[in-house]
file query.txt (compact mmCIF, C-alpha atoms and all ligand atoms)
# COMPACT_ATOMS: atom_id res chain seq x y z
CA MET A 441 -59.61 0.85 -45.43
CA GLN A 442 -60.44 -1.53 -42.61
CA MET A 443 -57.01 -0.83 -41.11
CA LYS A 444 -57.63 2.88 -41.31
CA LYS A 445 -60.98 2.71 -39.53
CA SER A 446 -59.70 0.64 -36.68
CA LEU A 447 -56.78 3.01 -36.24
CA ILE A 448 -59.13 5.96 -35.83
CA ALA A 449 -61.27 3.98 -33.41
CA VAL A 450 -58.28 3.16 -31.26
CA ALA A 451 -57.05 6.73 -31.35
CA LEU A 452 -60.45 8.07 -30.31
CA ALA A 453 -60.86 5.51 -27.55
CA PHE A 454 -57.61 6.66 -26.04
CA GLY A 455 -58.58 10.30 -26.52
CA ALA A 456 -55.52 10.95 -28.60
CA ALA A 457 -56.90 12.42 -31.79
CA GLY A 458 -55.97 16.01 -31.19
CA ALA A 459 -57.40 16.10 -27.66
CA ALA A 460 -55.87 18.42 -25.08
CA HIS A 461 -53.46 16.85 -22.65
CA ALA A 462 -53.84 17.07 -18.93
CA ALA A 463 -50.31 18.37 -18.71
CA ASN A 464 -49.22 21.28 -20.81
CA ASP A 465 -46.03 19.65 -22.06
CA LEU A 466 -45.37 19.72 -25.78
CA LYS A 467 -44.66 16.11 -26.58
CA ILE A 468 -42.64 15.38 -29.71
CA GLY A 469 -42.53 11.73 -30.69
CA MET A 470 -39.48 10.93 -32.77
CA VAL A 471 -39.32 7.88 -35.04
CA LEU A 472 -35.69 7.30 -36.03
CA PRO A 473 -33.23 4.56 -36.90
CA MET A 474 -31.10 4.40 -33.73
CA SER A 475 -29.63 0.95 -34.39
CA GLY A 476 -28.62 -1.07 -37.45
CA PRO A 477 -26.84 0.15 -40.59
CA PHE A 478 -28.63 3.52 -40.57
CA ALA A 479 -28.09 4.32 -36.86
CA GLY A 480 -25.94 7.28 -37.90
CA TYR A 481 -29.06 8.96 -39.31
CA GLY A 482 -30.84 8.90 -35.97
CA GLN A 483 -27.77 10.09 -34.14
CA GLN A 484 -27.14 13.02 -36.50
CA ILE A 485 -30.79 14.12 -36.50
CA LEU A 486 -30.94 13.96 -32.72
CA ASN A 487 -27.66 15.86 -32.43
CA GLY A 488 -29.22 18.69 -34.42
CA VAL A 489 -32.45 18.54 -32.40
CA HIS A 490 -30.62 18.59 -29.06
CA LEU A 491 -28.30 21.37 -30.17
CA TYR A 492 -31.27 23.55 -31.07
CA MET A 493 -32.87 22.90 -27.70
CA ALA A 494 -29.61 23.59 -25.85
CA GLU A 495 -29.39 26.96 -27.61
CA HIS A 496 -33.06 27.96 -27.34
CA GLY A 497 -34.21 26.35 -24.11
CA ASP A 498 -36.65 23.53 -23.55
CA LYS A 499 -39.72 25.73 -23.22
CA ILE A 500 -41.82 27.32 -25.92
CA GLY A 501 -43.94 29.93 -24.17
CA ASP A 502 -45.26 28.04 -21.17
CA ARG A 503 -45.02 24.60 -22.78
CA LYS A 504 -42.10 22.41 -21.80
CA VAL A 505 -40.73 20.39 -24.70
CA GLU A 506 -40.52 16.66 -24.12
CA LEU A 507 -38.90 14.37 -26.67
CA ILE A 508 -39.80 10.70 -26.86
CA VAL A 509 -37.52 8.74 -29.20
CA LYS A 510 -38.43 5.38 -30.72
CA ASP A 511 -36.00 3.26 -32.73
CA ASP A 512 -37.39 1.88 -36.00
CA THR A 513 -34.03 0.28 -36.98
CA GLY A 514 -33.93 1.64 -40.57
CA VAL A 515 -35.83 0.10 -43.45
CA ALA A 516 -38.63 -1.55 -41.45
CA PRO A 517 -41.92 0.20 -42.23
CA GLU A 518 -43.98 -2.02 -39.94
CA LEU A 519 -41.76 -1.04 -36.99
CA SER A 520 -41.99 2.65 -37.91
CA LYS A 521 -45.77 2.38 -38.04
CA ARG A 522 -46.03 0.58 -34.71
CA ALA A 523 -43.69 3.10 -33.08
CA ALA A 524 -45.79 6.01 -34.36
CA GLN A 525 -49.04 4.36 -33.26
CA GLU A 526 -47.67 3.95 -29.75
CA LEU A 527 -46.48 7.53 -29.69
CA VAL A 528 -49.90 8.80 -30.75
CA VAL A 529 -52.13 6.47 -28.77
CA LYS A 530 -50.14 5.77 -25.62
CA ASP A 531 -47.81 8.72 -25.24
CA LYS A 532 -50.32 11.16 -26.75
CA VAL A 533 -47.67 13.13 -28.57
CA ASP A 534 -48.58 16.48 -30.14
CA ILE A 535 -46.11 16.18 -33.00
CA LEU A 536 -44.39 13.33 -34.85
CA ALA A 537 -40.88 14.01 -36.13
CA GLY A 538 -37.71 12.39 -37.44
CA PHE A 539 -38.03 9.76 -40.23
CA GLY A 540 -34.64 8.73 -41.51
CA LEU A 541 -35.74 6.74 -44.54
CA THR A 542 -38.57 6.97 -47.03
CA PRO A 543 -40.27 3.65 -46.13
CA SER A 544 -40.62 4.90 -42.56
CA ALA A 545 -42.22 8.21 -43.63
CA PHE A 546 -44.51 6.40 -46.09
CA ALA A 547 -45.67 4.05 -43.34
CA VAL A 548 -46.49 6.81 -40.86
CA GLY A 549 -48.01 9.41 -43.22
CA PRO A 550 -51.53 7.90 -43.17
CA LEU A 551 -51.52 7.95 -39.35
CA SER A 552 -50.60 11.65 -39.35
CA ALA A 553 -53.42 12.29 -41.82
CA GLN A 554 -56.02 10.47 -39.76
CA ALA A 555 -55.04 11.68 -36.33
CA LYS A 556 -54.39 15.19 -37.76
CA ILE A 557 -50.99 15.25 -36.14
CA PRO A 558 -48.21 17.42 -37.52
CA MET A 559 -45.36 15.32 -38.90
CA VAL A 560 -42.01 17.01 -39.35
CA VAL A 561 -39.87 15.00 -41.78
CA MET A 562 -36.17 15.53 -41.05
CA ASN A 563 -34.62 13.29 -43.68
CA ALA A 564 -36.78 10.96 -45.84
CA ALA A 565 -36.42 12.58 -49.25
CA THR A 566 -38.67 10.92 -51.82
CA SER A 567 -40.66 13.72 -53.41
CA SER A 568 -44.08 12.18 -52.72
CA VAL A 569 -43.55 11.85 -48.93
CA THR A 570 -45.31 15.18 -48.30
CA GLU A 571 -48.36 13.92 -50.21
CA LYS A 572 -49.00 11.15 -47.67
CA SER A 573 -50.59 13.56 -45.21
CA PRO A 574 -51.70 17.20 -45.35
CA TYR A 575 -50.02 17.59 -41.94
CA ILE A 576 -46.51 16.74 -43.17
CA VAL A 577 -43.86 19.42 -43.47
CA ARG A 578 -40.29 18.64 -44.54
CA THR A 579 -37.02 20.33 -43.50
CA SER A 580 -34.55 18.13 -45.42
CA MET A 581 -34.65 18.05 -49.24
CA THR A 582 -36.05 16.01 -52.10
CA LEU A 583 -34.05 13.83 -54.47
CA PRO A 584 -35.36 15.56 -57.64
CA GLN A 585 -34.34 18.89 -56.08
CA VAL A 586 -30.72 17.83 -55.62
CA SER A 587 -30.48 15.67 -58.78
CA ALA A 588 -31.50 18.21 -61.46
CA PRO A 589 -28.58 20.59 -60.73
CA ILE A 590 -25.89 17.90 -61.14
CA ALA A 591 -27.40 16.90 -64.51
CA THR A 592 -27.18 20.51 -65.63
CA TRP A 593 -23.59 20.73 -64.36
CA ALA A 594 -22.69 17.56 -66.28
CA LEU A 595 -24.13 18.98 -69.52
CA LYS A 596 -22.10 22.15 -69.09
CA ASN A 597 -18.93 20.24 -68.40
CA GLY A 598 -18.59 18.09 -71.46
CA ILE A 599 -20.25 14.95 -70.12
CA LYS A 600 -22.27 13.49 -72.98
CA THR A 601 -22.99 9.92 -71.92
CA VAL A 602 -24.05 8.73 -68.46
CA TYR A 603 -24.74 5.40 -66.79
CA THR A 604 -27.11 5.80 -63.84
CA VAL A 605 -26.83 3.65 -60.71
CA VAL A 606 -29.47 4.17 -58.03
CA ALA A 607 -30.77 2.36 -54.95
CA ASP A 608 -33.96 0.50 -55.83
CA TYR A 609 -36.52 2.40 -53.73
CA GLY A 610 -38.29 5.78 -53.64
CA PRO A 611 -35.37 8.22 -53.45
CA GLY A 612 -33.34 6.21 -55.99
CA HIS A 613 -36.25 6.14 -58.42
CA ASP A 614 -36.74 9.89 -57.96
CA ALA A 615 -33.04 10.62 -58.48
CA GLU A 616 -32.93 8.49 -61.63
CA LYS A 617 -36.09 9.98 -63.10
CA GLN A 618 -35.02 13.58 -62.56
CA PHE A 619 -31.42 13.05 -63.65
CA VAL A 620 -32.52 11.34 -66.87
CA LYS A 621 -35.16 14.01 -67.55
CA THR A 622 -32.82 17.00 -67.11
CA PHE A 623 -29.82 15.35 -68.77
CA THR A 624 -31.63 14.12 -71.88
CA ALA A 625 -33.61 17.38 -72.25
CA GLY A 626 -30.23 19.11 -72.54
CA GLY A 627 -28.98 16.70 -75.19
CA GLY A 628 -27.21 14.15 -72.98
CA LYS A 629 -27.48 10.43 -73.60
CA ILE A 630 -28.21 7.70 -71.04
CA VAL A 631 -26.24 4.58 -71.95
CA GLY A 632 -27.31 2.38 -69.08
CA GLU A 633 -29.54 2.36 -65.99
CA VAL A 634 -29.34 0.02 -63.05
CA ARG A 635 -31.08 -0.21 -59.68
CA THR A 636 -29.24 -1.75 -56.74
CA PRO A 637 -30.75 -3.48 -53.68
CA VAL A 638 -31.47 -1.21 -50.70
CA LYS A 639 -30.15 -3.76 -48.24
CA ASN A 640 -26.57 -5.08 -48.38
CA PRO A 641 -25.85 -4.41 -52.04
CA ASP A 642 -22.76 -5.92 -53.69
CA PHE A 643 -21.71 -3.31 -56.23
CA SER A 644 -19.11 -5.42 -58.07
CA PRO A 645 -21.27 -6.66 -60.97
CA PHE A 646 -22.77 -3.20 -61.52
CA LEU A 647 -19.35 -1.54 -61.50
CA GLN A 648 -18.06 -4.04 -64.04
CA LYS A 649 -21.03 -3.35 -66.32
CA VAL A 650 -20.43 0.39 -66.11
CA LYS A 651 -16.72 -0.11 -66.84
CA ASP A 652 -17.47 -2.21 -69.91
CA THR A 653 -19.97 0.36 -71.24
CA LYS A 654 -17.39 3.21 -70.97
CA PRO A 655 -19.71 6.17 -70.34
CA ASP A 656 -18.28 9.65 -69.78
CA ALA A 657 -19.67 9.49 -66.24
CA VAL A 658 -21.63 7.38 -63.78
CA PHE A 659 -24.41 9.12 -61.86
CA LEU A 660 -24.97 7.58 -58.43
CA PHE A 661 -27.59 7.75 -55.71
CA VAL A 662 -27.30 5.49 -52.72
CA PRO A 663 -28.56 6.33 -49.22
CA ALA A 664 -25.88 8.19 -47.28
CA GLY A 665 -23.45 6.02 -45.33
CA GLU A 666 -21.59 2.77 -45.80
CA GLN A 667 -22.97 2.04 -49.29
CA GLY A 668 -21.29 5.12 -50.71
CA VAL A 669 -18.00 4.16 -49.07
CA ALA A 670 -18.23 0.68 -50.63
CA PHE A 671 -19.17 2.04 -54.08
CA LEU A 672 -16.29 4.50 -54.13
CA LYS A 673 -13.85 1.80 -53.06
CA GLY A 674 -15.02 -0.47 -55.89
CA TYR A 675 -14.95 2.41 -58.39
CA LYS A 676 -11.26 3.01 -57.58
CA GLU A 677 -10.24 -0.64 -57.28
CA ARG A 678 -11.83 -1.67 -60.57
CA GLY A 679 -10.08 1.16 -62.37
CA LEU A 680 -13.14 3.14 -63.49
CA ALA A 681 -11.45 6.35 -62.40
CA LYS A 682 -8.30 5.39 -64.30
CA ASP A 683 -10.40 4.69 -67.41
CA GLY A 684 -11.59 8.30 -67.23
CA ILE A 685 -15.17 7.48 -66.17
CA LYS A 686 -16.19 10.39 -63.95
CA LEU A 687 -18.28 9.86 -60.82
CA ILE A 688 -21.07 12.38 -60.19
CA SER A 689 -23.68 12.12 -57.47
CA THR A 690 -25.98 13.87 -55.10
CA GLY A 691 -24.18 14.94 -51.92
CA ASP A 692 -25.53 11.90 -50.06
CA LEU A 693 -22.40 10.17 -51.35
CA THR A 694 -19.85 12.49 -49.78
CA ASP A 695 -21.79 13.03 -46.55
CA GLU A 696 -19.44 14.42 -43.87
CA ASP A 697 -20.48 11.51 -41.64
CA VAL A 698 -18.51 9.10 -43.87
CA LEU A 699 -16.13 11.42 -45.74
CA ASP A 700 -13.21 10.62 -43.42
CA ALA A 701 -13.78 6.91 -43.99
CA MET A 702 -13.61 7.46 -47.78
CA GLY A 703 -10.26 9.18 -47.51
CA GLU A 704 -8.28 10.30 -50.55
CA ALA A 705 -10.49 8.25 -52.91
CA ALA A 706 -13.15 10.95 -52.51
CA VAL A 707 -10.95 13.86 -53.62
CA GLY A 708 -12.30 15.49 -56.77
CA VAL A 709 -15.79 13.95 -56.66
CA VAL A 710 -18.37 16.55 -57.76
CA THR A 711 -21.82 16.48 -56.16
CA SER A 712 -24.89 18.71 -55.79
CA PHE A 713 -26.50 19.25 -52.40
CA HIS A 714 -28.19 21.66 -50.04
CA TYR A 715 -25.71 21.50 -47.16
CA SER A 716 -21.98 21.31 -46.68
CA GLU A 717 -20.08 21.59 -43.41
CA ASP A 718 -17.79 23.93 -45.37
CA HIS A 719 -20.64 26.30 -46.39
CA LYS A 720 -19.42 29.85 -45.88
CA SER A 721 -21.88 31.90 -43.82
CA PRO A 722 -21.98 33.38 -40.32
CA GLU A 723 -24.91 31.06 -39.47
CA ASN A 724 -22.99 27.97 -40.51
CA LYS A 725 -19.85 29.11 -38.72
CA ALA A 726 -21.86 29.43 -35.50
CA TYR A 727 -23.59 26.10 -36.16
CA THR A 728 -20.48 24.07 -36.85
CA GLN A 729 -18.62 25.60 -33.90
CA ALA A 730 -21.49 24.82 -31.53
CA TYR A 731 -21.78 21.33 -33.01
CA TYR A 732 -18.12 20.48 -32.44
CA LYS A 733 -18.32 21.86 -28.91
CA ALA A 734 -21.27 19.60 -28.14
CA TYR A 735 -20.12 16.55 -30.15
CA PRO A 736 -16.34 16.66 -30.57
CA ASN A 737 -16.20 13.23 -32.20
CA LYS A 738 -18.79 13.73 -34.95
CA ARG A 739 -18.90 15.96 -38.00
CA PRO A 740 -21.98 18.14 -38.62
CA ASN A 741 -23.86 16.92 -41.71
CA PHE A 742 -27.07 17.51 -43.65
CA MET A 743 -29.15 15.31 -41.38
CA SER A 744 -28.06 17.20 -38.26
CA VAL A 745 -29.02 20.47 -39.96
CA ALA A 746 -32.44 19.08 -40.96
CA GLY A 747 -33.00 18.12 -37.31
CA TYR A 748 -31.89 21.57 -36.16
CA ASP A 749 -34.11 23.31 -38.70
CA GLY A 750 -37.00 20.96 -37.89
CA MET A 751 -36.83 22.12 -34.28
CA HIS A 752 -36.59 25.74 -35.40
CA LEU A 753 -39.76 25.20 -37.39
CA ILE A 754 -41.58 23.71 -34.39
CA TYR A 755 -40.47 26.55 -32.08
CA ALA A 756 -41.35 29.25 -34.63
CA VAL A 757 -44.75 27.71 -35.40
CA LEU A 758 -45.69 27.38 -31.74
CA LYS A 759 -44.71 30.99 -31.11
CA LYS A 760 -46.96 32.03 -33.98
CA THR A 761 -49.93 29.94 -32.84
CA GLY A 762 -49.55 30.87 -29.17
CA GLY A 763 -48.69 27.29 -28.25
CA ASP A 764 -51.32 25.54 -30.37
CA ALA A 765 -49.85 22.45 -32.08
CA THR A 766 -53.07 20.99 -33.49
CA GLY A 767 -52.66 19.87 -37.08
CA ASP A 768 -54.55 22.56 -38.98
CA LYS A 769 -53.15 25.46 -36.96
CA PHE A 770 -49.63 24.05 -37.07
CA ILE A 771 -49.59 23.58 -40.82
CA ALA A 772 -51.22 26.95 -41.56
CA ALA A 773 -48.51 28.64 -39.50
CA ALA A 774 -45.70 26.60 -41.10
CA LYS A 775 -46.68 27.42 -44.69
CA GLY A 776 -44.52 30.17 -46.16
CA MET A 777 -42.22 30.36 -43.13
CA LYS A 778 -38.73 31.59 -44.03
CA TRP A 779 -35.51 31.68 -42.10
CA GLU A 780 -31.76 31.63 -42.41
CA SER A 781 -30.54 28.08 -41.89
CA PRO A 782 -26.90 27.05 -41.54
CA ARG A 783 -27.33 25.82 -45.16
CA GLY A 784 -28.53 29.23 -46.44
CA PRO A 785 -31.98 30.85 -46.81
CA ILE A 786 -34.92 28.43 -46.72
CA THR A 787 -38.69 28.67 -47.14
CA ILE A 788 -41.45 26.20 -46.37
CA ASP A 789 -43.25 26.18 -49.69
CA PRO A 790 -46.85 27.25 -48.99
CA GLU A 791 -48.19 25.01 -51.77
CA THR A 792 -46.32 21.79 -51.10
CA ARG A 793 -45.09 22.05 -47.46
CA ASP A 794 -41.72 21.07 -48.84
CA ILE A 795 -38.57 23.10 -48.56
CA ASP A 796 -37.34 25.65 -51.12
CA GLN A 797 -33.60 26.15 -50.84
CA ASN A 798 -30.30 26.82 -52.59
CA ILE A 799 -28.56 23.84 -54.15
CA TYR A 800 -24.79 24.03 -54.31
CA ILE A 801 -22.32 22.31 -56.65
CA ARG A 802 -19.35 21.10 -54.63
CA LYS A 803 -16.08 19.30 -55.08
CA VAL A 804 -14.32 17.23 -52.44
CA GLU A 805 -11.02 18.89 -51.54
CA LYS A 806 -8.56 18.74 -48.71
CA VAL A 807 -9.00 21.83 -46.56
CA GLY A 808 -6.31 21.94 -43.91
CA ASP A 809 -6.10 18.33 -42.79
CA LYS A 810 -9.76 17.58 -43.53
CA LEU A 811 -11.76 16.52 -46.57
CA GLN A 812 -14.56 18.97 -47.29
CA ASN A 813 -17.31 19.46 -49.84
CA VAL A 814 -16.16 22.83 -51.16
CA GLU A 815 -18.99 24.76 -52.81
CA PHE A 816 -18.14 26.45 -56.12
CA ASP A 817 -21.52 27.19 -57.69
CA VAL A 818 -25.08 27.77 -56.52
CA ILE A 819 -28.57 27.49 -57.98
CA ARG A 820 -30.77 29.68 -55.82
CA ASP A 821 -34.18 28.99 -54.32
CA VAL A 822 -34.85 25.61 -55.94
CA LYS A 823 -38.36 24.17 -55.52
CA ASP A 824 -38.88 20.42 -55.67
CA PRO A 825 -39.13 19.68 -59.41
CA GLY A 826 -40.72 16.34 -58.49
CA LYS A 827 -43.95 18.24 -57.71
CA GLN A 828 -44.06 20.10 -60.99
CA LYS A 829 -46.42 18.14 -63.18
C1 LIG B 1 -34.52 8.19 -47.88
O1 LIG B 1 -34.72 6.98 -47.58
O2 LIG B 1 -35.45 8.94 -48.17
C2 LIG B 1 -33.13 8.69 -47.92
C3 LIG B 1 -32.14 8.05 -47.17
C4 LIG B 1 -30.83 8.51 -47.22
C5 LIG B 1 -30.51 9.60 -48.02
C6 LIG B 1 -31.49 10.24 -48.76
C7 LIG B 1 -32.79 9.79 -48.71
O3 LIG B 1 -29.22 10.00 -48.09

call {"tool": "encode", "arguments": {"input": "query.txt", "output": "structure tokens"}}
result
Amino acid sequence: MQMKKSLIAVALAFGAAGAAHAANDLKIGMVLPMSGPFAGYGQQILNGVHLYMAEHGDKIGDRKVELIVKDDTGVAPELSKRAAQELVVKDKVDILAGFGLTPSAFAVGPLSAQAKIPMVVMNAATSSVTEKSPYIVRTSMTLPQVSAPIATWALKNGIKTVYTVVADYGPGHDAEKQFVKTFTAGGGKIVGEVRTPVKNPDFSPFLQKVKDTKPDAVFLFVPAGEQGVAFLKGYKERGLAKDGIKLISTGDLTDEDVLDAMGEAAVGVVTSFHYSEDHKSPENKAYTQAYYKAYPNKRPNFMSVAGYDGMHLIYAVLKKTGGDATGDKFIAAAKGMKWESPRGPITIDPETRDIDQNIYIRKVEKVGDKLQNVEFDVIRDVKDPGKQK
């Protein structure tokens, strides 16, 4: 409480708490991991943000959009908090955006609530993130939202016993809880559950345990990136695949950002997710073409799309409010907003400020000379089940 009071005092002293700026620029303060093991998150989100601005101009009405990016290095909530405080107090930003990982969004939520600053979450996917401030709106996904559909798919496809392996923090806990709930409600059995360290996990002992238990499948959530590559490598090397233990996961595992690094080992892995580079729609065709033109050496992924859609949200809201980005006006305008994203149709849920969207079931296949998450089923307009009490 003491912390909170002093934060407000500082904000007021600097005239930052929602006060008008001398200049008319729309300042967006971005808190992102730009270095360290999660630097790819920041890069992908910014790629999406910049692409949107390149296509739609850097002015909304008469307000010029200015981005200020601060690196929070990944899982370092105290750095995220300090970065956001500086953005609010010193830079006097109108909007906070970005947030690669849940601890970062958790750390900054209370500041958004107190300063009444809109906070656009472009990745962090623990269900409860949006409850940390009434001024948060999310354009990525939630782990319960993408985990329930793969549990249902498993039940329909003869998988009766599952061992769950999840990263030991918010999104992992959410993924585990929802997977277990949906899978057991449909008659499936959980034969083991393990939580792995968020930082530098060594998967070998966990993989051995799973192998010895012989489940029909292992359900995995680890934050997108190198951890998934390491897990898949161990899964193949230790012979789990050969033993007939299937690997199912949320699409974080087969993220296009690391799919090439996984190589053939990824072929056949079934996941559920809200975005695939391979998604067939005119909007995604345009998006992926523009992305490759702008960034020939990167592959468009779900984080880039959340950054792109996050900017769309900001532009659309400001058009609706006539340029007013103050917290209450911003959030009122954002609630219920719908548009066609490269991922498919999306809605900002008016109750939760989270995103309602299609979740696709995909399988990794070679398409031409590239590995792709090829969608073969869809569950339409999924709300975050994590919010349903
Ligand atoms: C998160 O920390 O919320 C997070 C990170 C990476 C993911 C999903 C969620 O792939």

call {"tool": "residues_near_ligand", "arguments": {"input": "query.txt", "ligand": "ligand LIG 1 (chain B)", "cutoff": "6 Å", "atoms": "only C-alpha atoms and all ligand atoms", "output": "list in words"}}
result
Leu541, Thr542, Ala564, Ala565, Thr566, Pro611, Pro663, Ala664 and Asp692 of chain A

call {"tool": "closest_residue", "arguments": {"input": "query.txt", "among": "A:Gly762, A:Gly626, A:Pro782, A:Gly668", "to": "Asp502 in chain A", "atoms": "all atoms listed in the file"}}
result
A:Gly762

call {"tool": "atom_distance", "arguments": {"input": "query.txt", "atom1": "CA of Glu717 in chain A", "atom2": "CA of Arg783 in chain A"}}
result
8.6 Å

call {"tool": "residues_around", "arguments": {"input": "query.txt", "residues": "range 544-552 of chain A", "least_positions_apart": "6", "cutoff": "6 Å", "atoms": "only C-alpha atoms", "output": "PyMOL selection string"}}
result
chain A and resi 517+520-521+572-573

call {"tool": "residues_around", "arguments": {"input": "query.txt", "residues": "Pro558 in chain A", "least_positions_apart": "5", "cutoff": "9 Å", "atoms": "only C-alpha atoms", "output": "PyMOL selection string"}}
result
chain A and resi 534-537+552-553+573-577+765-768+770-771

call {"tool": "closest_residue", "arguments": {"input": "query.txt", "among": "A:Met777, A:Met470, A:Ile599, A:Ala615", "to": "Ser587 in chain A", "atoms": "all atoms listed in the file"}}
result
A:Ala615

call {"tool": "atom_distance", "arguments": {"input": "query.txt", "atom1": "CA of Leu699 in chain A", "atom2": "CA of Arg635 in chain A"}}
result
23.5 Å

call {"tool": "atom_distance", "arguments": {"input": "query.txt", "atom1": "CA of Pro473 in chain A", "atom2": "CA of Gly540 in chain A"}}
result
6.4 Å

call {"tool": "closest_residue", "arguments": {"input": "query.txt", "among": "A:Thr636, A:Asn813, A:Ser744, A:Ser568", "to": "Tyr731 in chain A", "atoms": "only C-alpha atoms"}}
result
A:Ser744

call {"tool": "decode", "arguments": {"input": "query.txt", "residues": "range 763-781 of chain A", "atoms": "C-alpha atoms", "output": "mmCIF file, in the first residue's frame"}}
result
data_model
loop_
_atom_site.group_PDB
_atom_site.id
_atom_site.type_symbol
_atom_site.label_atom_id
_atom_site.label_comp_id
_atom_site.auth_asym_id
_atom_site.auth_seq_id
_atom_site.Cartn_x
_atom_site.Cartn_y
_atom_site.Cartn_z
ATOM 1 C CA GLY A 763 -7.877 11.337 -30.378
ATOM 2 C CA ASP A 764 -8.628 10.928 -26.671
ATOM 3 C CA ALA A 765 -6.396 8.227 -25.129
ATOM 4 C CA THR A 766 -7.292 8.765 -21.471
ATOM 5 C CA GLY A 767 -7.914 5.499 -19.671
ATOM 6 C CA ASP A 768 -11.694 5.503 -19.275
ATOM 7 C CA LYS A 769 -12.407 6.743 -22.801
ATOM 8 C CA PHE A 770 -9.863 4.375 -24.318
ATOM 9 C CA ILE A 771 -11.219 1.289 -22.606
ATOM 10 C CA ALA A 772 -14.871 2.174 -23.247
ATOM 11 C CA ALA A 773 -14.065 2.482 -26.955
ATOM 12 C CA ALA A 774 -12.029 -0.746 -27.018
ATOM 13 C CA LYS A 775 -14.752 -2.903 -25.452
ATOM 14 C CA GLY A 776 -16.641 -4.913 -28.048
ATOM 15 C CA MET A 777 -14.402 -3.825 -30.931
ATOM 16 C CA LYS A 778 -14.283 -6.393 -33.739
ATOM 17 C CA TRP A 779 -12.078 -6.728 -36.752
ATOM 18 C CA GLU A 780 -10.583 -9.181 -39.196
ATOM 19 C CA SER A 781 -7.065 -10.027 -38.058
#
